[in-house]
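> File name entry.pdb; file contents PDB, C-alpha atoms, pLDDT in the B column; full text below.
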```pdb
MODEL        1
ATOM      1  CA  MET A   1      57.247   2.762  -2.092  1.00 40.00           C
ATOM      2  CA  CYS A   2      53.476   2.891  -2.135  1.00 42.00           C
ATOM      3  CA  THR A   3      51.681  -0.321  -1.183  1.00 44.00           C
ATOM      4  CA  ALA A   4      48.210   0.686  -2.303  1.00 46.00           C
ATOM      5  CA  SER A   5      46.519  -2.222  -3.966  1.00 46.00           C
ATOM      6  CA  ALA A   6      45.324  -1.890  -7.529  1.00 47.00           C
ATOM      7  CA  PRO A   7      41.918  -3.184  -8.580  1.00 51.00           C
ATOM      8  CA  PRO A   8      41.916  -6.854  -9.540  1.00 54.00           C
ATOM      9  CA  THR A   9      42.550  -7.661 -13.180  1.00 53.00           C
ATOM     10  CA  ASP A  10      41.189 -10.418 -15.395  1.00 54.00           C
ATOM     11  CA  ARG A  11      43.282 -12.610 -17.757  1.00 59.00           C
ATOM     12  CA  SER A  12      43.421  -9.909 -20.427  1.00 56.00           C
ATOM     13  CA  GLY A  13      45.025  -7.537 -17.933  1.00 53.00           C
ATOM     14  CA  GLU A  14      42.007  -5.214 -17.845  1.00 54.00           C
ATOM     15  CA  SER A  15      40.869  -3.836 -14.523  1.00 52.00           C
ATOM     16  CA  ARG A  16      37.684  -5.386 -13.130  1.00 63.00           C
ATOM     17  CA  ALA A  17      36.800  -3.206 -10.189  1.00 70.00           C
ATOM     18  CA  VAL A  18      33.975  -4.410  -7.978  1.00 74.00           C
ATOM     19  CA  SER A  19      30.795  -2.380  -8.304  1.00 82.00           C
ATOM     20  CA  PRO A  20      29.716  -0.491  -5.179  1.00 81.00           C
ATOM     21  CA  TYR A  21      26.284  -2.068  -5.701  1.00 82.00           C
ATOM     22  CA  ALA A  22      27.821  -5.547  -5.628  1.00 85.00           C
ATOM     23  CA  LYS A  23      29.600  -4.684  -2.387  1.00 88.00           C
ATOM     24  CA  LYS A  24      26.347  -3.414  -0.869  1.00 87.00           C
ATOM     25  CA  ARG A  25      24.479  -6.563  -1.954  1.00 88.00           C
ATOM     26  CA  ALA A  26      27.191  -8.730  -0.401  1.00 88.00           C
ATOM     27  CA  GLU A  27      27.060  -6.738   2.850  1.00 91.00           C
ATOM     28  CA  THR A  28      23.277  -7.103   2.902  1.00 90.00           C
ATOM     29  CA  MET A  29      23.524 -10.873   2.518  1.00 92.00           C
ATOM     30  CA  VAL A  30      26.069 -11.032   5.366  1.00 92.00           C
ATOM     31  CA  LEU A  31      23.640  -9.119   7.582  1.00 92.00           C
ATOM     32  CA  PHE A  32      20.773 -11.454   6.649  1.00 92.00           C
ATOM     33  CA  HIS A  33      22.873 -14.528   7.420  1.00 91.00           C
ATOM     34  CA  ARG A  34      23.823 -12.992  10.767  1.00 92.00           C
ATOM     35  CA  LEU A  35      20.163 -12.127  11.447  1.00 90.00           C
ATOM     36  CA  LYS A  36      19.052 -15.664  10.652  1.00 91.00           C
ATOM     37  CA  ALA A  37      21.648 -17.126  13.013  1.00 91.00           C
ATOM     38  CA  LEU A  38      20.468 -15.075  16.003  1.00 90.00           C
ATOM     39  CA  PRO A  39      17.757 -16.379  18.329  1.00 90.00           C
ATOM     40  CA  PRO A  40      14.499 -14.348  18.308  1.00 86.00           C
ATOM     41  CA  GLU A  41      15.019 -12.983  21.827  1.00 90.00           C
ATOM     42  CA  ASP A  42      18.523 -11.626  21.137  1.00 89.00           C
ATOM     43  CA  PRO A  43      18.571  -7.779  21.268  1.00 90.00           C
ATOM     44  CA  ALA A  44      21.162  -7.741  18.458  1.00 92.00           C
ATOM     45  CA  ARG A  45      18.509  -9.259  16.195  1.00 92.00           C
ATOM     46  CA  ASP A  46      16.296  -6.183  16.546  1.00 92.00           C
ATOM     47  CA  ARG A  47      19.232  -3.892  15.775  1.00 93.00           C
ATOM     48  CA  LEU A  48      20.163  -5.876  12.657  1.00 93.00           C
ATOM     49  CA  ARG A  49      16.554  -5.984  11.493  1.00 93.00           C
ATOM     50  CA  THR A  50      16.206  -2.227  11.975  1.00 94.00           C
ATOM     51  CA  GLU A  51      19.455  -1.622  10.109  1.00 94.00           C
ATOM     52  CA  LEU A  52      18.310  -3.745   7.170  1.00 94.00           C
ATOM     53  CA  ILE A  53      14.957  -1.968   7.018  1.00 95.00           C
ATOM     54  CA  GLU A  54      16.512   1.501   7.232  1.00 95.00           C
ATOM     55  CA  ASP A  55      19.123   0.654   4.593  1.00 94.00           C
ATOM     56  CA  HIS A  56      16.401  -0.283   2.103  1.00 95.00           C
ATOM     57  CA  MET A  57      13.834   2.439   2.844  1.00 96.00           C
ATOM     58  CA  PRO A  58      15.074   4.679  -0.010  1.00 95.00           C
ATOM     59  CA  TYR A  59      14.579   1.782  -2.415  1.00 95.00           C
ATOM     60  CA  ALA A  60      11.032   1.149  -1.145  1.00 95.00           C
ATOM     61  CA  ARG A  61      10.293   4.874  -1.458  1.00 94.00           C
ATOM     62  CA  HIS A  62      11.644   4.864  -5.019  1.00 93.00           C
ATOM     63  CA  ILE A  63       9.260   2.065  -5.966  1.00 92.00           C
ATOM     64  CA  ALA A  64       6.318   3.818  -4.275  1.00 90.00           C
ATOM     65  CA  LEU A  65       6.972   7.098  -6.085  1.00 89.00           C
ATOM     66  CA  ARG A  66       6.350   5.342  -9.394  1.00 86.00           C
ATOM     67  CA  TYR A  67       2.702   5.089  -8.315  1.00 77.00           C
ATOM     68  CA  GLY A  68       2.400   8.580  -6.804  1.00 68.00           C
ATOM     69  CA  GLY A  69       0.452  10.410  -9.488  1.00 61.00           C
ATOM     70  CA  ARG A  70      -2.663   8.228  -9.536  1.00 58.00           C
ATOM     71  CA  GLY A  71      -5.096  10.237  -7.448  1.00 56.00           C
ATOM     72  CA  GLU A  72      -3.890   9.055  -4.069  1.00 54.00           C
ATOM     73  CA  LEU A  73      -1.450  10.843  -1.861  1.00 72.00           C
ATOM     74  CA  THR A  74       2.077   9.729  -2.628  1.00 81.00           C
ATOM     75  CA  GLU A  75       2.823   9.287   1.058  1.00 84.00           C
ATOM     76  CA  ASP A  76       0.106   6.623   1.292  1.00 87.00           C
ATOM     77  CA  PHE A  77       1.978   4.546  -1.268  1.00 89.00           C
ATOM     78  CA  VAL A  78       5.270   5.190   0.531  1.00 91.00           C
ATOM     79  CA  GLN A  79       3.808   3.947   3.818  1.00 93.00           C
ATOM     80  CA  VAL A  80       2.482   0.827   2.108  1.00 93.00           C
ATOM     81  CA  ALA A  81       5.930   0.274   0.555  1.00 95.00           C
ATOM     82  CA  TYR A  82       7.601   0.641   3.961  1.00 96.00           C
ATOM     83  CA  LEU A  83       5.257  -1.901   5.520  1.00 96.00           C
ATOM     84  CA  ALA A  84       5.930  -4.280   2.635  1.00 97.00           C
ATOM     85  CA  LEU A  85       9.662  -3.760   3.161  1.00 96.00           C
ATOM     86  CA  VAL A  86       9.304  -4.802   6.803  1.00 96.00           C
ATOM     87  CA  LYS A  87       7.378  -7.864   5.662  1.00 96.00           C
ATOM     88  CA  ALA A  88      10.098  -8.654   3.107  1.00 96.00           C
ATOM     89  CA  VAL A  89      12.897  -8.321   5.689  1.00 95.00           C
ATOM     90  CA  ASP A  90      11.023 -10.563   8.125  1.00 94.00           C
ATOM     91  CA  ASN A  91      10.314 -13.273   5.537  1.00 93.00           C
ATOM     92  CA  PHE A  92      13.517 -13.247   3.470  1.00 94.00           C
ATOM     93  CA  ASP A  93      15.600 -16.429   3.543  1.00 92.00           C
ATOM     94  CA  PRO A  94      19.208 -15.756   2.459  1.00 91.00           C
ATOM     95  CA  ASP A  95      19.800 -19.469   1.847  1.00 90.00           C
ATOM     96  CA  ARG A  96      17.313 -19.646  -1.045  1.00 91.00           C
ATOM     97  CA  GLY A  97      19.854 -18.344  -3.549  1.00 84.00           C
ATOM     98  CA  THR A  98      18.247 -15.043  -4.487  1.00 87.00           C
ATOM     99  CA  GLY A  99      19.309 -11.527  -3.594  1.00 90.00           C
ATOM    100  CA  PHE A 100      17.241  -9.473  -1.198  1.00 93.00           C
ATOM    101  CA  LEU A 101      16.133  -6.903  -3.777  1.00 92.00           C
ATOM    102  CA  GLY A 102      15.066  -9.718  -6.091  1.00 92.00           C
ATOM    103  CA  TYR A 103      12.792 -10.907  -3.300  1.00 95.00           C
ATOM    104  CA  ALA A 104      11.722  -7.531  -1.881  1.00 95.00           C
ATOM    105  CA  THR A 105      10.790  -5.855  -5.159  1.00 95.00           C
ATOM    106  CA  PRO A 106       7.822  -8.121  -6.000  1.00 95.00           C
ATOM    107  CA  VAL A 107       6.698  -8.058  -2.353  1.00 96.00           C
ATOM    108  CA  ILE A 108       6.668  -4.247  -2.324  1.00 95.00           C
ATOM    109  CA  LEU A 109       5.045  -3.984  -5.761  1.00 94.00           C
ATOM    110  CA  GLY A 110       2.424  -6.545  -4.793  1.00 93.00           C
ATOM    111  CA  GLU A 111       1.463  -4.675  -1.632  1.00 93.00           C
ATOM    112  CA  ILE A 112       1.284  -1.340  -3.481  1.00 89.00           C
ATOM    113  CA  LYS A 113      -0.867  -2.861  -6.223  1.00 86.00           C
ATOM    114  CA  LYS A 114      -3.117  -4.501  -3.629  1.00 86.00           C
ATOM    115  CA  TYR A 115      -3.500  -1.162  -1.832  1.00 85.00           C
ATOM    116  CA  PHE A 116      -4.128   0.589  -5.143  1.00 75.00           C
ATOM    117  CA  ARG A 117      -6.794  -1.961  -6.052  1.00 74.00           C
ATOM    118  CA  ASP A 118      -8.483  -2.034  -2.637  1.00 74.00           C
ATOM    119  CA  ALA A 119      -8.272   1.603  -1.568  1.00 71.00           C
ATOM    120  CA  THR A 120      -8.392   3.625  -4.746  1.00 58.00           C
ATOM    121  CA  TRP A 121     -10.793   1.783  -7.021  1.00 55.00           C
ATOM    122  CA  ASP A 122     -13.845   3.896  -7.865  1.00 67.00           C
ATOM    123  CA  VAL A 123     -17.122   2.579  -9.164  1.00 67.00           C
ATOM    124  CA  HIS A 124     -18.131   4.245 -12.416  1.00 66.00           C
ATOM    125  CA  VAL A 125     -21.773   5.179 -12.219  1.00 67.00           C
ATOM    126  CA  PRO A 126     -23.467   5.488 -15.634  1.00 76.00           C
ATOM    127  CA  ARG A 127     -24.850   8.902 -16.553  1.00 79.00           C
ATOM    128  CA  ALA A 128     -28.435   7.597 -16.723  1.00 84.00           C
ATOM    129  CA  MET A 129     -28.151   6.392 -13.114  1.00 84.00           C
ATOM    130  CA  GLN A 130     -26.726   9.759 -12.009  1.00 80.00           C
ATOM    131  CA  GLU A 131     -29.630  11.580 -13.683  1.00 86.00           C
ATOM    132  CA  LEU A 132     -32.172   9.221 -12.134  1.00 89.00           C
ATOM    133  CA  THR A 133     -30.639   9.848  -8.706  1.00 87.00           C
ATOM    134  CA  ARG A 134     -31.067  13.616  -9.160  1.00 88.00           C
ATOM    135  CA  THR A 135     -34.677  13.100 -10.294  1.00 92.00           C
ATOM    136  CA  VAL A 136     -35.465  10.898  -7.272  1.00 92.00           C
ATOM    137  CA  ARG A 137     -33.951  13.434  -4.838  1.00 91.00           C
ATOM    138  CA  ALA A 138     -35.880  16.325  -6.378  1.00 92.00           C
ATOM    139  CA  CYS A 139     -39.109  14.296  -6.357  1.00 92.00           C
ATOM    140  CA  ASN A 140     -38.512  13.295  -2.727  1.00 92.00           C
ATOM    141  CA  GLU A 141     -38.142  16.951  -1.723  1.00 92.00           C
ATOM    142  CA  ARG A 142     -41.338  17.998  -3.602  1.00 93.00           C
ATOM    143  CA  LEU A 143     -43.403  15.164  -2.129  1.00 93.00           C
ATOM    144  CA  THR A 144     -42.068  15.859   1.367  1.00 93.00           C
ATOM    145  CA  ARG A 145     -43.331  19.469   1.067  1.00 93.00           C
ATOM    146  CA  GLU A 146     -46.667  18.424  -0.461  1.00 92.00           C
ATOM    147  CA  LEU A 147     -47.401  15.575   1.954  1.00 91.00           C
ATOM    148  CA  ALA A 148     -45.761  17.148   5.041  1.00 92.00           C
ATOM    149  CA  ARG A 149     -44.059  13.816   5.679  1.00 92.00           C
ATOM    150  CA  SER A 150     -41.458  11.570   4.071  1.00 91.00           C
ATOM    151  CA  PRO A 151     -42.906   9.899   0.988  1.00 91.00           C
ATOM    152  CA  THR A 152     -42.815   6.139   0.543  1.00 92.00           C
ATOM    153  CA  ILE A 153     -40.722   4.506  -2.151  1.00 92.00           C
ATOM    154  CA  GLY A 154     -43.929   3.594  -3.977  1.00 92.00           C
ATOM    155  CA  GLU A 155     -45.110   7.221  -3.980  1.00 92.00           C
ATOM    156  CA  ILE A 156     -41.799   8.426  -5.406  1.00 92.00           C
ATOM    157  CA  ALA A 157     -41.820   5.688  -8.060  1.00 92.00           C
ATOM    158  CA  GLU A 158     -45.405   6.514  -9.039  1.00 92.00           C
ATOM    159  CA  ARG A 159     -44.655  10.237  -9.356  1.00 92.00           C
ATOM    160  CA  ILE A 160     -41.494   9.642 -11.455  1.00 91.00           C
ATOM    161  CA  GLY A 161     -43.240   7.055 -13.593  1.00 86.00           C
TER     162      GLY A 161
ENDMDL
END
```
Just give me the structure as structure tokens.

Amino acid sequence: MCTASAPPTDRSGESRAVSPYAKKRAETMVLFHRLKALPPEDPARDRLRTELIEDHMPYARHIALRYGGRGELTEDFVQVAYLALVKAVDNFDPDRGTGFLGYATPVILGEIKKYFRDATWDVHVPRAMQELTRTVRACNERLTRELARSPTIGEIAERIG
């Protein structure tokens, strides 16, 4: 006789197998509770922290890849996401009643958006300003040849009008 256990059933008799994602979330919470219980100097704490970070790196990468095609190298966003993941693991409190991904996702997105804002924002220079810049450079070169020295700002302004 086989003693393999069948998946649990609800009152209607239908099978209600546990999702592999639910199992993984539960395992993650167990690891976070264990991590929180360890003193900072315990070497097991570093191993648990590393395990949690490595387990969630594919998720952080997945989030970062959503921002990959915006003029920056995709790997820059991935690195930012990884650093945010480390920050999320270090600051997560399992006793607050939320799952880790519910906490980590906004942390990772926030860091990517902050990086995107700070490192990729370009100033749009109006066409008139671009043309004036070319005119000033050309005038500067002409006056430098004519005067055999660097012209003053006043001399350039007078020549351009």
> Measuring between all atoms listed in the file, which one of A:Asp42, A:Glu111, A:Glu27, A:Asp55 shows the shortest distance to Val80 (chain A)?
A:Glu111
> Just to confirm, what's the straight-line distance from CA of Thr135 (chain A) to CA of Leu147 (chain A) in Å (one decimal)?
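Calculated distance between CA of Thr135 (chain A) and CA of Leu147 (chain A) is 17.8 Å.
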> Nearest to Ala81 (chain A) among A:Ile108, A:Arg134, A:Pro94, A:Arg117, with distances taken over only C-alpha atoms: which residue is it?
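Among the listed residues, A:Ile108 lies closest to Ala81 (chain A).
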> When you count only C-alpha atoms, which of these residues is closest to Leu109 (chain A): A:Asp95, A:Ala37, A:Ile63, A:Pro20?
A:Ile63
> I need the output of the PyMOL selection byres ((chain A and resi 140) around 10) for this file as a PyMOL selection string; which residues are they?
chain A and resi 134-139+141-146+150-153+155-157+159-160
> Can I get the selection written as a short mmCIF file (atom, residue, chain, number, x, y, z; two decimals), in the coordinates of the input, with C-alpha atoms?

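Generated file (again-v5.cif):
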```cif
data_model
loop_
_atom_site.label_atom_id
_atom_site.label_comp_id
_atom_site.auth_asym_id
_atom_site.auth_seq_id
_atom_site.Cartn_x
_atom_site.Cartn_y
_atom_site.Cartn_z
CA ARG A 134 -31.07 13.62 -9.16
CA THR A 135 -34.68 13.10 -10.29
CA VAL A 136 -35.47 10.90 -7.27
CA ARG A 137 -33.95 13.43 -4.84
CA ALA A 138 -35.88 16.32 -6.38
CA CYS A 139 -39.11 14.30 -6.36
CA GLU A 141 -38.14 16.95 -1.72
CA ARG A 142 -41.34 18.00 -3.60
CA LEU A 143 -43.40 15.16 -2.13
CA THR A 144 -42.07 15.86 1.37
CA ARG A 145 -43.33 19.47 1.07
CA GLU A 146 -46.67 18.42 -0.46
CA SER A 150 -41.46 11.57 4.07
CA PRO A 151 -42.91 9.90 0.99
CA THR A 152 -42.82 6.14 0.54
CA ILE A 153 -40.72 4.51 -2.15
CA GLU A 155 -45.11 7.22 -3.98
CA ILE A 156 -41.80 8.43 -5.41
CA ALA A 157 -41.82 5.69 -8.06
CA ARG A 159 -44.66 10.24 -9.36
CA ILE A 160 -41.49 9.64 -11.46
#
```
> Determine, for each residue of region 10-75 of chain A having at least one atom at most 12 Å from an atom of region 96-104 of chain A, the closest pair of atoms and their separation in Å to one decimal, counting only C-alpha atoms; order by chain and ascending number, as CSV.

```
residue,atom,partner,partner_atom,distance
A:Tyr21,CA,A:Leu101,CA,11.4
A:Ala22,CA,A:Gly99,CA,10.6
A:Lys24,CA,A:Phe100,CA,10.9
A:Arg25,CA,A:Gly99,CA,7.4
A:Ala26,CA,A:Gly99,CA,9.0
A:Glu27,CA,A:Phe100,CA,11.0
A:Thr28,CA,A:Phe100,CA,7.7
A:Met29,CA,A:Phe100,CA,7.4
A:Val30,CA,A:Phe100,CA,11.1
A:Leu31,CA,A:Phe100,CA,10.9
A:Phe32,CA,A:Phe100,CA,8.8
A:His33,CA,A:Arg96,CA,11.3
A:Leu52,CA,A:Phe100,CA,10.2
A:Ile53,CA,A:Ala104,CA,11.0
A:Asp55,CA,A:Leu101,CA,11.7
A:His56,CA,A:Leu101,CA,8.9
A:Met57,CA,A:Ala104,CA,11.2
A:Tyr59,CA,A:Leu101,CA,8.9
A:Ala60,CA,A:Ala104,CA,8.7
A:Ile63,CA,A:Ala104,CA,10.7
```
> What is the distance between CA of Ala17 (chain A) and CA of His62 (chain A), in Å to one decimal?
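It comes out at 26.9 Å.
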> Figure out the distance between CA of Leu83 (chain A) and CA of Pro43 (chain A), please, to one decimal in Å.
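Interatomic distance, CA of Pro43 (chain A) to CA of Leu83 (chain A): 21.4 Å.
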> For each of A:Val107, A:Leu35, A:Ala128, A:Ala148, take the minimum atom-to-atom distance to Glu51 (chain A), counting all atoms listed in the file, then give the residue where this is smallest.
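Smallest distance to Glu51 (chain A) is found for A:Leu35.
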> Considering only C-alpha atoms, state which residue in the set A:Glu41, A:Val78, A:Arg61, A:Ala84 is at the smallest distance from Pro106 (chain A).
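Ranking A:Glu41, A:Val78, A:Arg61, A:Ala84 by distance to Pro106 (chain A), first place goes to A:Ala84.
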